[in-house]
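Accompanying notes for the structure given below.
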Amino acid sequence: MDKILEISGLSKAYTQGHEQILVLEGLDFHISKGEFVSIVGPSGSGKSTFLNIVGLLDDVYSGEIRLFGRKLEDLDEAQKAVLRLKNIGFVFQFDSLLPEFTVLENIEMPARILGRGEPARGRGLLERFGLEEIADKLPMSISGGEKQRAAMLRALRNGPALLIADEPTGNLDRHNSGVILDDLRRAAGLGTAVLMVTHNEEAARRADRALHMAGGKLNAV
Ligand SMILES: Nc1ncnc2c1ncn2[C@@H]1O[C@H](COP(=O)(O)OP(=O)(O)O)[C@@H](O)[C@H]1O
Ligand SMILES: [Mg+2]
């Protein structure tokens, strides 16, 4: 299988005053193309810390990370920024759509930033996920579940190799959570590696592989 991400011996500490808090302690991890992996674990166990590092938002750590076969420490800030924009999509608990733009315009935003805006492709993405009817609506006039799905399509717009989802169903009811999980499964089927953090055990079980964050490491559930 094509490895998208390979991590060995990842450690991360935060400094608070004179104290060092060790959050990740020699963690190993890998994910392949088209794989759907979930991470569960108590609040404060380091899940978001891990996702921030994997998503190239935090580069203060020790250990080795290879993304698409390239060692992260060999990349400069500009290379990482391009890698992030082209190859990594993010979905968070709260949808963060821009309120003054339509759903389609929101979805097109990451492509426009790359100079590759093409509304027909954004519409195609909406159609593939059965959401064509909300394309021209503003975020304020669609439901919470639809907003989260739109944010997910925005994250998928540049065809990322890796989709990082931090509690994507945390703010949704059971029905809408199920819909988002179906969407994530579909994204994996289209070849994106999906890495999801969740509090919900049922959601975690929908993945190909569920991992538990504890003691600064990821272990099979
Ligand atoms: N920027 C920061 N500075 C200091 N401590 C932090 C910071 N971010 C997170 N932490 C601490 O690191 C631990 C892990 O946090 P986090 O990764 O957010 O956990 P989770 O997402 O699993 O709830 C917690 O003890 C938290 O207080
Ligand atoms: Mg968190």
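Ordering of the structure tokens sets the chain letters (A, B, ...); residue numbers start at 1 within each chain; ligands are numbered from 1 in the order shown.
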
Neighbourhood of ligand 2 at 8 Å, counting only C-alpha atoms and all ligand atoms, reported as a ChimeraX atom specification: /A:43-44,46-49,166-167,197

Output for the residues just chosen: N, CA, C and O atoms as a short mmCIF file (atom, residue, chain, number, x, y, z; two decimals), in the first residue's frame:
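Output file out_23.cif follows:
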data_model
loop_
_atom_site.label_atom_id
_atom_site.label_comp_id
_atom_site.auth_asym_id
_atom_site.auth_seq_id
_atom_site.Cartn_x
_atom_site.Cartn_y
_atom_site.Cartn_z
N SER A 43 -10.00 13.57 26.80
CA SER A 43 -9.67 14.97 26.61
C SER A 43 -8.31 15.24 27.25
O SER A 43 -8.03 14.75 28.34
N GLY A 44 -7.46 15.97 26.55
CA GLY A 44 -6.14 16.30 27.10
C GLY A 44 -5.08 15.25 26.84
O GLY A 44 -3.94 15.38 27.28
N GLY A 46 -3.72 14.51 24.01
CA GLY A 46 -2.75 14.91 22.97
C GLY A 46 -3.21 14.71 21.55
O GLY A 46 -2.42 14.83 20.61
N LYS A 47 -4.50 14.46 21.35
CA LYS A 47 -5.01 14.20 20.00
C LYS A 47 -4.84 15.42 19.08
O LYS A 47 -4.35 15.30 17.97
N SER A 48 -5.26 16.58 19.57
CA SER A 48 -5.14 17.78 18.73
C SER A 48 -3.68 18.16 18.53
O SER A 48 -3.29 18.60 17.45
N THR A 49 -2.88 17.96 19.55
CA THR A 49 -1.44 18.20 19.43
C THR A 49 -0.88 17.37 18.29
O THR A 49 -0.12 17.87 17.45
N ASP A 166 -10.75 16.83 13.01
CA ASP A 166 -10.68 16.88 14.46
C ASP A 166 -12.10 17.03 15.02
O ASP A 166 -12.69 18.10 14.93
N GLU A 167 -12.64 15.97 15.55
CA GLU A 167 -14.01 15.95 16.08
C GLU A 167 -15.04 16.47 15.07
O GLU A 167 -15.84 17.35 15.42
N VAL A 197 -10.18 12.32 14.50
CA VAL A 197 -10.23 12.24 15.95
C VAL A 197 -11.69 12.35 16.38
O VAL A 197 -12.43 13.17 15.84
#

Using only C-alpha atoms and all ligand atoms, what are the residues with an atom within 12 Å of ligand 1, set out as a compact mmCIF listing (two decimals) with all heavy atoms, in the first residue's frame?
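pocket.txt, written as the output of this step:
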# COMPACT_ATOMS: atom_id res chain seq x y z
N LYS A 12 6.58 15.23 21.91
CA LYS A 12 6.25 16.65 21.93
C LYS A 12 6.03 17.08 23.37
O LYS A 12 5.29 16.44 24.12
CB LYS A 12 4.96 16.88 21.13
CG LYS A 12 4.27 18.21 21.36
CD LYS A 12 4.89 19.32 20.56
CE LYS A 12 4.30 20.68 20.92
NZ LYS A 12 4.94 21.77 20.17
N ALA A 13 6.65 18.16 23.77
CA ALA A 13 6.46 18.70 25.12
C ALA A 13 6.06 20.17 25.01
O ALA A 13 6.50 20.88 24.10
CB ALA A 13 7.74 18.56 25.92
N TYR A 14 5.18 20.60 25.89
CA TYR A 14 4.87 22.02 26.01
C TYR A 14 5.58 22.56 27.24
O TYR A 14 5.71 21.85 28.24
CB TYR A 14 3.37 22.24 26.20
CG TYR A 14 2.52 21.96 24.99
CD1 TYR A 14 1.66 20.86 24.98
CD2 TYR A 14 2.54 22.79 23.88
CE1 TYR A 14 0.85 20.60 23.88
CE2 TYR A 14 1.74 22.53 22.78
CZ TYR A 14 0.89 21.44 22.79
OH TYR A 14 0.10 21.19 21.71
N THR A 15 6.01 23.78 27.16
CA THR A 15 6.63 24.41 28.32
C THR A 15 5.60 25.33 28.96
O THR A 15 5.00 26.16 28.28
CB THR A 15 7.85 25.25 27.90
OG1 THR A 15 8.71 24.41 27.12
CG2 THR A 15 8.62 25.76 29.11
N GLN A 16 5.38 25.14 30.25
CA GLN A 16 4.46 26.02 30.96
C GLN A 16 5.17 26.56 32.19
O GLN A 16 5.42 25.81 33.14
CB GLN A 16 3.18 25.28 31.35
CG GLN A 16 2.02 25.65 30.44
CD GLN A 16 0.71 25.02 30.84
OE1 GLN A 16 0.64 24.30 31.83
NE2 GLN A 16 -0.32 25.31 30.09
N GLY A 17 5.53 27.82 32.15
CA GLY A 17 6.35 28.38 33.22
C GLY A 17 7.68 27.66 33.22
O GLY A 17 8.37 27.63 32.21
N HIS A 18 8.01 27.03 34.34
CA HIS A 18 9.27 26.29 34.42
C HIS A 18 9.06 24.81 34.18
O HIS A 18 9.99 24.03 34.25
CB HIS A 18 9.92 26.51 35.80
CG HIS A 18 10.31 27.93 36.03
ND1 HIS A 18 11.33 28.54 35.33
CD2 HIS A 18 9.80 28.88 36.85
CE1 HIS A 18 11.42 29.80 35.72
NE2 HIS A 18 10.50 30.03 36.64
N GLU A 19 7.81 24.44 33.90
CA GLU A 19 7.51 23.03 33.75
C GLU A 19 7.44 22.58 32.31
O GLU A 19 6.99 23.31 31.44
CB GLU A 19 6.15 22.73 34.40
CG GLU A 19 6.26 22.16 35.80
CD GLU A 19 4.89 21.76 36.29
OE1 GLU A 19 4.20 22.63 36.85
OE2 GLU A 19 4.51 20.61 36.08
N GLN A 20 7.89 21.35 32.07
CA GLN A 20 7.74 20.73 30.76
C GLN A 20 6.63 19.70 30.85
O GLN A 20 6.68 18.82 31.72
CB GLN A 20 9.03 20.00 30.39
CG GLN A 20 10.17 20.91 30.01
CD GLN A 20 10.18 21.13 28.50
OE1 GLN A 20 9.73 22.16 28.03
NE2 GLN A 20 10.68 20.17 27.77
N ILE A 21 5.63 19.81 29.99
CA ILE A 21 4.57 18.80 29.98
C ILE A 21 4.78 17.93 28.75
O ILE A 21 4.66 18.42 27.62
CB ILE A 21 3.17 19.43 29.90
CG1 ILE A 21 3.01 20.52 30.96
CG2 ILE A 21 2.09 18.39 30.05
CD1 ILE A 21 1.82 21.42 30.72
N LEU A 22 5.09 16.66 28.97
CA LEU A 22 5.31 15.75 27.86
C LEU A 22 3.97 15.22 27.39
O LEU A 22 3.26 14.56 28.16
CB LEU A 22 6.24 14.61 28.32
CG LEU A 22 6.92 13.78 27.25
CD1 LEU A 22 7.65 14.64 26.24
CD2 LEU A 22 7.88 12.79 27.90
N VAL A 23 3.57 15.54 26.18
CA VAL A 23 2.25 15.14 25.68
C VAL A 23 2.35 13.91 24.77
O VAL A 23 1.56 12.98 24.90
CB VAL A 23 1.58 16.31 24.93
CG1 VAL A 23 0.21 15.91 24.41
CG2 VAL A 23 1.43 17.51 25.87
N LEU A 24 3.30 13.93 23.86
CA LEU A 24 3.51 12.76 22.98
C LEU A 24 4.86 12.15 23.35
O LEU A 24 5.84 12.88 23.52
CB LEU A 24 3.48 13.17 21.51
CG LEU A 24 2.23 13.95 21.05
CD1 LEU A 24 2.36 14.34 19.58
CD2 LEU A 24 0.96 13.12 21.29
N GLU A 25 4.89 10.84 23.49
CA GLU A 25 6.10 10.19 24.00
C GLU A 25 6.52 8.99 23.15
O GLU A 25 6.15 7.87 23.43
CB GLU A 25 5.85 9.66 25.42
CG GLU A 25 5.62 10.72 26.46
CD GLU A 25 5.63 10.12 27.86
OE1 GLU A 25 6.65 9.51 28.25
OE2 GLU A 25 4.60 10.25 28.56
N ILE A 39 -9.00 8.03 15.73
CA ILE A 39 -8.27 8.11 17.00
C ILE A 39 -9.25 8.52 18.09
O ILE A 39 -9.94 9.54 17.95
CB ILE A 39 -7.14 9.14 16.92
CG1 ILE A 39 -6.10 8.72 15.87
CG2 ILE A 39 -6.48 9.34 18.30
CD1 ILE A 39 -4.98 9.73 15.66
N VAL A 40 -9.32 7.73 19.15
CA VAL A 40 -10.12 8.10 20.32
C VAL A 40 -9.17 8.28 21.50
O VAL A 40 -8.04 7.82 21.46
CB VAL A 40 -11.19 7.04 20.69
CG1 VAL A 40 -12.32 7.05 19.71
CG2 VAL A 40 -10.58 5.67 20.80
N GLY A 41 -9.67 8.91 22.53
CA GLY A 41 -8.82 9.09 23.70
C GLY A 41 -9.39 10.22 24.53
O GLY A 41 -10.09 11.09 24.02
N PRO A 42 -9.09 10.19 25.84
CA PRO A 42 -9.66 11.20 26.72
C PRO A 42 -9.21 12.61 26.36
O PRO A 42 -8.19 12.80 25.70
CB PRO A 42 -9.13 10.81 28.10
CG PRO A 42 -8.04 9.83 27.88
CD PRO A 42 -8.25 9.23 26.54
N SER A 43 -10.00 13.57 26.80
CA SER A 43 -9.67 14.97 26.61
C SER A 43 -8.31 15.24 27.25
O SER A 43 -8.03 14.75 28.34
CB SER A 43 -10.78 15.78 27.26
OG SER A 43 -10.58 17.12 27.01
N GLY A 44 -7.46 15.97 26.55
CA GLY A 44 -6.14 16.30 27.10
C GLY A 44 -5.08 15.25 26.84
O GLY A 44 -3.94 15.38 27.28
N SER A 45 -5.43 14.18 26.10
CA SER A 45 -4.44 13.11 25.88
C SER A 45 -3.47 13.42 24.74
O SER A 45 -2.52 12.67 24.53
CB SER A 45 -5.16 11.78 25.63
OG SER A 45 -6.00 11.86 24.51
N GLY A 46 -3.72 14.51 24.01
CA GLY A 46 -2.75 14.91 22.97
C GLY A 46 -3.21 14.71 21.55
O GLY A 46 -2.42 14.83 20.61
N LYS A 47 -4.50 14.46 21.35
CA LYS A 47 -5.01 14.20 20.00
C LYS A 47 -4.84 15.42 19.08
O LYS A 47 -4.35 15.30 17.97
CB LYS A 47 -6.49 13.78 20.06
CG LYS A 47 -6.74 12.56 20.95
CD LYS A 47 -8.20 12.15 20.98
CE LYS A 47 -9.16 13.21 21.51
NZ LYS A 47 -8.94 13.58 22.94
N SER A 48 -5.26 16.58 19.57
CA SER A 48 -5.14 17.78 18.73
C SER A 48 -3.68 18.16 18.53
O SER A 48 -3.29 18.60 17.45
CB SER A 48 -5.91 18.95 19.35
OG SER A 48 -7.30 18.67 19.34
N THR A 49 -2.88 17.96 19.55
CA THR A 49 -1.44 18.20 19.43
C THR A 49 -0.88 17.37 18.29
O THR A 49 -0.12 17.87 17.45
CB THR A 49 -0.73 17.83 20.76
OG1 THR A 49 -1.24 18.68 21.80
CG2 THR A 49 0.77 17.96 20.66
N PHE A 50 -1.29 16.12 18.25
CA PHE A 50 -0.83 15.21 17.19
C PHE A 50 -1.30 15.69 15.82
O PHE A 50 -0.52 15.77 14.87
CB PHE A 50 -1.34 13.79 17.50
CG PHE A 50 -1.02 12.79 16.44
CD1 PHE A 50 0.29 12.45 16.17
CD2 PHE A 50 -2.03 12.19 15.71
CE1 PHE A 50 0.60 11.53 15.17
CE2 PHE A 50 -1.74 11.27 14.71
CZ PHE A 50 -0.41 10.93 14.45
N LEU A 51 -2.57 16.04 15.71
CA LEU A 51 -3.10 16.49 14.41
C LEU A 51 -2.42 17.77 13.95
O LEU A 51 -2.17 17.94 12.75
CB LEU A 51 -4.62 16.71 14.48
CG LEU A 51 -5.49 15.47 14.67
CD1 LEU A 51 -6.96 15.85 14.49
CD2 LEU A 51 -5.13 14.35 13.71
N ASN A 52 -2.13 18.68 14.87
CA ASN A 52 -1.45 19.92 14.49
C ASN A 52 -0.08 19.65 13.89
O ASN A 52 0.34 20.31 12.94
CB ASN A 52 -1.29 20.85 15.70
CG ASN A 52 -2.60 21.47 16.11
OD1 ASN A 52 -3.56 21.52 15.34
ND2 ASN A 52 -2.66 21.95 17.34
N ILE A 53 0.61 18.69 14.45
CA ILE A 53 1.94 18.35 13.92
C ILE A 53 1.80 17.69 12.55
O ILE A 53 2.47 18.08 11.59
CB ILE A 53 2.70 17.43 14.91
CG1 ILE A 53 3.03 18.21 16.18
CG2 ILE A 53 3.98 16.88 14.27
CD1 ILE A 53 3.61 17.37 17.31
N LEU A 57 1.07 22.33 11.13
CA LEU A 57 0.76 23.58 11.81
C LEU A 57 1.69 23.80 13.00
O LEU A 57 1.72 24.87 13.59
CB LEU A 57 -0.70 23.58 12.29
CG LEU A 57 -1.74 23.41 11.19
CD1 LEU A 57 -3.13 23.21 11.78
CD2 LEU A 57 -1.73 24.60 10.24
N ASP A 58 2.43 22.77 13.37
CA ASP A 58 3.35 22.86 14.52
C ASP A 58 4.60 22.06 14.17
O ASP A 58 4.49 20.88 13.82
CB ASP A 58 2.64 22.27 15.75
CG ASP A 58 3.54 22.24 16.99
OD1 ASP A 58 4.68 22.77 16.94
OD2 ASP A 58 3.10 21.68 18.01
N VAL A 60 7.44 22.02 16.22
CA VAL A 60 8.31 21.86 17.39
C VAL A 60 8.04 20.48 17.99
O VAL A 60 7.06 20.27 18.70
CB VAL A 60 8.02 22.96 18.44
CG1 VAL A 60 8.97 22.81 19.63
CG2 VAL A 60 8.16 24.34 17.82
N PHE A 92 -12.84 20.75 11.11
CA PHE A 92 -12.87 20.89 12.57
C PHE A 92 -14.29 20.72 13.09
O PHE A 92 -15.24 20.58 12.33
CB PHE A 92 -12.31 22.26 12.98
CG PHE A 92 -10.90 22.47 12.50
CD1 PHE A 92 -10.63 23.23 11.38
CD2 PHE A 92 -9.83 21.89 13.18
CE1 PHE A 92 -9.33 23.41 10.93
CE2 PHE A 92 -8.53 22.06 12.74
CZ PHE A 92 -8.28 22.82 11.61
N GLN A 93 -14.41 20.79 14.41
CA GLN A 93 -15.72 20.61 15.03
C GLN A 93 -16.71 21.68 14.58
O GLN A 93 -17.89 21.42 14.36
CB GLN A 93 -15.55 20.64 16.55
CG GLN A 93 -16.84 20.45 17.31
CD GLN A 93 -16.59 20.24 18.78
OE1 GLN A 93 -15.45 20.04 19.21
NE2 GLN A 93 -17.65 20.26 19.56
N ALA A 165 -9.44 15.34 10.27
CA ALA A 165 -10.74 15.76 10.82
C ALA A 165 -10.68 15.68 12.34
O ALA A 165 -10.54 14.60 12.91
CB ALA A 165 -11.84 14.86 10.27
N ASP A 166 -10.75 16.83 13.01
CA ASP A 166 -10.68 16.88 14.46
C ASP A 166 -12.10 17.03 15.02
O ASP A 166 -12.69 18.10 14.93
CB ASP A 166 -9.79 18.05 14.91
CG ASP A 166 -9.34 17.92 16.37
OD1 ASP A 166 -9.85 17.03 17.07
OD2 ASP A 166 -8.50 18.73 16.80
N GLU A 167 -12.64 15.97 15.55
CA GLU A 167 -14.01 15.95 16.08
C GLU A 167 -15.04 16.47 15.07
O GLU A 167 -15.84 17.35 15.42
CB GLU A 167 -14.11 16.82 17.35
CG GLU A 167 -13.14 16.44 18.45
CD GLU A 167 -13.69 15.39 19.40
OE1 GLU A 167 -14.80 14.89 19.14
OE2 GLU A 167 -12.99 15.06 20.36
N MET A 196 -9.23 10.78 11.48
CA MET A 196 -10.30 11.43 12.26
C MET A 196 -10.11 11.23 13.76
O MET A 196 -9.93 10.10 14.22
CB MET A 196 -11.65 10.83 11.85
CG MET A 196 -12.81 11.29 12.73
SD MET A 196 -14.40 10.54 12.27
CE MET A 196 -14.16 8.86 12.87
N VAL A 197 -10.18 12.32 14.50
CA VAL A 197 -10.23 12.24 15.95
C VAL A 197 -11.69 12.35 16.38
O VAL A 197 -12.43 13.17 15.84
CB VAL A 197 -9.40 13.38 16.59
CG1 VAL A 197 -9.84 13.64 18.02
CG2 VAL A 197 -7.92 13.04 16.54
N THR A 198 -12.09 11.51 17.30
CA THR A 198 -13.48 11.58 17.76
C THR A 198 -13.60 11.17 19.23
O THR A 198 -12.76 10.45 19.75
CB THR A 198 -14.38 10.66 16.89
OG1 THR A 198 -15.71 10.73 17.37
CG2 THR A 198 -13.93 9.21 16.93
N HIS A 199 -14.66 11.65 19.87
CA HIS A 199 -14.98 11.23 21.23
C HIS A 199 -15.94 10.06 21.20
O HIS A 199 -16.20 9.42 22.21
CB HIS A 199 -15.68 12.38 21.97
CG HIS A 199 -14.76 13.15 22.84
ND1 HIS A 199 -14.18 14.31 22.42
CD2 HIS A 199 -14.31 12.91 24.09
CE1 HIS A 199 -13.40 14.75 23.40
NE2 HIS A 199 -13.47 13.92 24.41
N HIS A 212 -6.18 4.22 19.88
CA HIS A 212 -6.47 4.86 21.16
C HIS A 212 -5.26 5.67 21.57
O HIS A 212 -4.14 5.16 21.57
CB HIS A 212 -6.79 3.77 22.20
CG HIS A 212 -7.28 4.32 23.48
ND1 HIS A 212 -6.54 4.27 24.64
CD2 HIS A 212 -8.44 4.95 23.80
CE1 HIS A 212 -7.24 4.84 25.62
NE2 HIS A 212 -8.38 5.26 25.13
N MET A 213 -5.46 6.94 21.91
CA MET A 213 -4.36 7.79 22.36
C MET A 213 -4.29 7.70 23.88
O MET A 213 -5.26 8.02 24.58
CB MET A 213 -4.62 9.23 21.93
CG MET A 213 -3.59 10.23 22.42
SD MET A 213 -2.04 10.19 21.52
CE MET A 213 -2.40 11.27 20.13
N ALA A 214 -3.18 7.24 24.38
CA ALA A 214 -2.98 7.16 25.84
C ALA A 214 -1.50 7.10 26.12
O ALA A 214 -0.73 6.48 25.37
CB ALA A 214 -3.67 5.92 26.42
N GLY A 215 -1.09 7.74 27.20
CA GLY A 215 0.32 7.73 27.59
C GLY A 215 1.23 8.28 26.51
O GLY A 215 2.39 7.89 26.39
N GLY A 216 0.69 9.20 25.69
CA GLY A 216 1.51 9.82 24.65
C GLY A 216 1.76 8.94 23.44
O GLY A 216 2.58 9.27 22.59
N LYS A 217 1.04 7.82 23.38
CA LYS A 217 1.21 6.91 22.24
C LYS A 217 -0.13 6.54 21.63
O LYS A 217 -1.18 6.71 22.26
CB LYS A 217 1.91 5.62 22.70
CG LYS A 217 3.35 5.78 23.12
CD LYS A 217 3.97 4.40 23.30
CE LYS A 217 5.46 4.48 23.59
NZ LYS A 217 5.75 5.14 24.88
N LEU A 218 -0.08 5.99 20.41
CA LEU A 218 -1.29 5.48 19.75
C LEU A 218 -1.22 3.96 19.74
O LEU A 218 -0.25 3.39 19.25
CB LEU A 218 -1.36 6.02 18.32
CG LEU A 218 -1.73 7.49 18.19
CD1 LEU A 218 -1.53 7.97 16.75
CD2 LEU A 218 -3.18 7.74 18.63

Which residues of segment 42-129 of chain A come within 12 Å of segment 32-35 of chain A, and for each one, what is the closest pair of atoms and their distance in Å to one decimal, counting only C-alpha atoms, sorted by chain and residue number, as a Markdown table?
| residue | atom | partner | partner_atom | distance |
| --- | --- | --- | --- | --- |
| A:Leu67 | CA | A:Ser32 | CA | 10.6 |
| A:Phe68 | CA | A:Ser32 | CA | 9.7 |
| A:Gly69 | CA | A:Ser32 | CA | 11.4 |

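Rounded to one decimal, atom CA of Leu195 of chain A and atom CA of Asp28 of chain A lie 14.5 Å from each other.
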
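Interatomic distance, atom CA of Lys137 of chain A against atom CA of Thr102 of chain A: 5.2 Å.
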
Do a neighbour search on Lys147 of chain A at 10 Å with only C-alpha atoms, toss out local chain neighbours closer than 2 positions, and write the hits as a list in words.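 Listing them by chain and then by number gives Phe94, Asp95, Ser96, Leu97, Val103, Ile134, Leu138, Pro139, Met140, Ser141, Ile142, Ser143, Gly144, Gly145, Arg149, Ala150, Ala151, Met152 and Leu153 of chain A.
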
Looking at A:Ala155, A:Leu10, A:Leu162, A:Val221, which one is nearest to Pro110 of chain A, with distances taken over only C-alpha atoms? A:Ala155

Between A:Gly130, A:Gly189, A:Gly178, A:Pro99, smallest distance to Glu202 of chain A by only C-alpha atoms belongs to A:Gly178

Going by DSSP on the backbone, which bits of segment 19-117 of chain A are strand (DSSP E)? Write them as a PyMOL selection string, please. chain A and resi 19-32+36-40+62-67+70-71+88-91
